[in-house]
Amino acid sequence: MSETSLPRSQFELIYPTAGAKVLSEKEPTGRSGHSMVANDGNLFVLGGYNPLGRTLSNGRPTVLEELWKFNFASRKWTKIEADGCPNTCASSCMFLRGNSLYVFGGTSYPFGQVISNTFKVCDIGNLDFDGQGAFWYVMETNPNVFNNQDTGDNLPPRAYGQSVIFHEDCVYTFGGAVGFYSEAVADMHRLNLRTLIWEQLSPAGEVPEGRYKQEIVTDRECFYIFGGGRLRQAEPVHTVYSYSYEENLWRRHTTYPDPQYGVPAPRCSFGLAQVNRDVYICGGQHYGPGVSTTIILDDIWHFSLDTFRWRKLSTCMPEPLYFHRVAISPSQHLYLYGGVQVNGRRTNRIYRFRLPFCIPRLTELCWDEVSQSWHQLSNEDPKCLQHVYGIPQGFCERVK
């Protein structure tokens, strides 16, 4: 293996399958600016935007106010039927905690006019095979605001494209765009999930520039910021900022280049995945020297939180994309969904590829082989899978 790049990995088109017909109502349209997370069995995709998708009664386009799940085993989409889906679900933030999807911020269309700074939660604990059983609710924060003991000045600004990270029963938010023509902010806030009270933080150190559509990873001590965008400018990724939870302190780090390929180009609206202390970034948008020059990227890079060194993978994404999302499955595959293509269209394709140096458990490898080869798996009764075929109960429960 060359010491200047990571090994080649083969992308696989998961959806749509070969020979697929025109989209039905049971399949989502292509989109960009969506949110996506994964658990053991499914990808969960919230919102996004497609200018050729849903329209209002006056014919104007709007965001896609919907939540979908894509099952890893059956490779089937299911729309989650639950009232109360956020209407500000373009460039919102979403994370999974237990059986709850937490959604924060975001914007509707026209972008930057209707913006959110609230949490909505979708409980998916009783979600069934047909997408029934989930429900949305608003998480009421800063209770003292309602009894006039708090002015609410510590609330984060209404924004979209910000970052949200969960750490020890607290949620941290950073950055975001506060208007379509406004410069992104560098505001930092923390929500205590036990008291539901927001706190505005004033960290010391080298505070990063305001930005939106950056990506964040975390370890036990810090979170790290990669890239992001400002008005007609993409932030470089050769510099990484870390925030210390305990010290309330920003630090600026210079990274080490790939010996042959250097460092990745500046970018925003890219995909990022973290496996332990390995970070992978892919694609995104980079602004060229011209006023309206936009470069859409298709490269894939690895970054180590231990060595702070970049390595370029010797393969590229199947196509250049930005405003796409990525997530990791239990089989250590990176799943890539949606995004804006070079022609401006929004894709509905799902690709996956095996991340280098990420070794899943043997049970996950076996289950992946079974589920990808057994095309009628989702038609089998879970009890039959368990008692007749001997598949462990935990894996049977993933097929829904």
# chains A, B, ... in the order shown; residues from 1 in each chain; ligands from 1

call {"tool": "residues_around", "arguments": {"residues": "Cys222 (chain A)", "least_positions_apart": "6", "cutoff": "9 Å", "atoms": "only C-alpha atoms", "output": "compact mmCIF listing (two decimals) with all heavy atoms, in the first residue's frame"}}
result
# COMPACT_ATOMS: atom_id res chain seq x y z
N SER A 242 -10.68 23.56 17.84
CA SER A 242 -11.25 22.68 18.86
C SER A 242 -11.80 23.53 20.00
O SER A 242 -11.27 24.59 20.32
CB SER A 242 -10.20 21.70 19.40
OG SER A 242 -9.20 22.38 20.14
N TYR A 243 -12.88 23.03 20.60
CA TYR A 243 -13.48 23.69 21.76
C TYR A 243 -13.43 22.72 22.93
O TYR A 243 -13.93 21.58 22.84
CB TYR A 243 -14.92 24.10 21.48
CG TYR A 243 -15.65 24.57 22.72
CD1 TYR A 243 -15.47 25.86 23.20
CD2 TYR A 243 -16.49 23.70 23.42
CE1 TYR A 243 -16.12 26.29 24.35
CE2 TYR A 243 -17.15 24.12 24.56
CZ TYR A 243 -16.96 25.41 25.03
OH TYR A 243 -17.59 25.83 26.17
N SER A 244 -12.83 23.14 24.04
CA SER A 244 -12.73 22.32 25.23
C SER A 244 -13.97 22.52 26.10
O SER A 244 -14.27 23.64 26.52
CB SER A 244 -11.47 22.68 26.03
OG SER A 244 -11.49 22.07 27.30
N TYR A 245 -14.70 21.41 26.36
CA TYR A 245 -15.90 21.49 27.19
C TYR A 245 -15.56 21.97 28.60
O TYR A 245 -16.25 22.82 29.16
CB TYR A 245 -16.57 20.12 27.29
CG TYR A 245 -17.00 19.53 25.98
CD1 TYR A 245 -16.41 18.38 25.48
CD2 TYR A 245 -18.04 20.11 25.25
CE1 TYR A 245 -16.81 17.82 24.28
CE2 TYR A 245 -18.45 19.56 24.05
CZ TYR A 245 -17.84 18.42 23.56
OH TYR A 245 -18.24 17.87 22.37
N GLU A 246 -14.50 21.44 29.19
CA GLU A 246 -14.15 21.76 30.58
C GLU A 246 -13.58 23.16 30.72
O GLU A 246 -13.90 23.89 31.67
CB GLU A 246 -13.15 20.72 31.11
CG GLU A 246 -12.78 20.93 32.57
CD GLU A 246 -11.86 19.85 33.11
OE1 GLU A 246 -11.66 18.84 32.40
OE2 GLU A 246 -11.34 20.02 34.23

call {"tool": "closest_atom_pairs", "arguments": {"of": "region 66-155 of chain A", "to": "region 349-353 of chain A", "cutoff": "12 Å", "atoms": "only C-alpha atoms", "output": "Markdown table"}}
result
| residue | atom | partner | partner_atom | distance |
| --- | --- | --- | --- | --- |
| A:Phe70 | CA | A:Ile350 | CA | 9.8 |
| A:Asn71 | CA | A:Ile350 | CA | 11.8 |
| A:Phe72 | CA | A:Arg352 | CA | 10.7 |
| A:Arg75 | CA | A:Ile350 | CA | 9.9 |
| A:Lys76 | CA | A:Ile350 | CA | 11.4 |
| A:Trp77 | CA | A:Ile350 | CA | 11.2 |

call {"tool": "select_by_dssp", "arguments": {"residues": "region 56-283 of chain A", "states": "strand (DSSP E or B)", "output": "VMD selection string"}}
result
chain A and resid 61 63 67 to 71 77 to 79 90 93 to 97 100 to 104 107 115 119 to 123 135 to 139 160 163 to 167 170 to 174 177 188 to 192 197 to 200 204 to 205 212 215 to 218 222 to 226 229 to 230 233 to 234 239 to 244 249 to 254 256 258 262 268 271 to 275 278 to 283

call {"tool": "residues_around", "arguments": {"residues": "region 261-268 of chain A", "least_positions_apart": "6", "cutoff": "9 Å", "atoms": "only C-alpha atoms", "output": "PyMOL selection string"}}
result
chain A and resi 4-5+212-215+226-230+233-238+255+283-287+297+299-301+309-312+322-323

call {"tool": "atom_distance", "arguments": {"atom1": "CA of Asn154 (chain A)", "atom2": "CA of Gln200 (chain A)"}}
result
4.9 Å

call {"tool": "closest_residue", "arguments": {"among": "A:Ser304, A:Asn348, A:Asn87, A:Thr195", "to": "Lys120 (chain A)", "atoms": "only C-alpha atoms"}}
result
A:Asn87

call {"tool": "closest_residue", "arguments": {"among": "A:Pro51, A:Gly112, A:Asp128, A:Val164", "to": "Glu183 (chain A)", "atoms": "only C-alpha atoms"}}
result
A:Gly112

call {"tool": "closest_residue", "arguments": {"among": "A:Ser100, A:Gln260, A:Thr218, A:Thr294", "to": "Val275 (chain A)", "atoms": "only C-alpha atoms"}}
result
A:Thr218
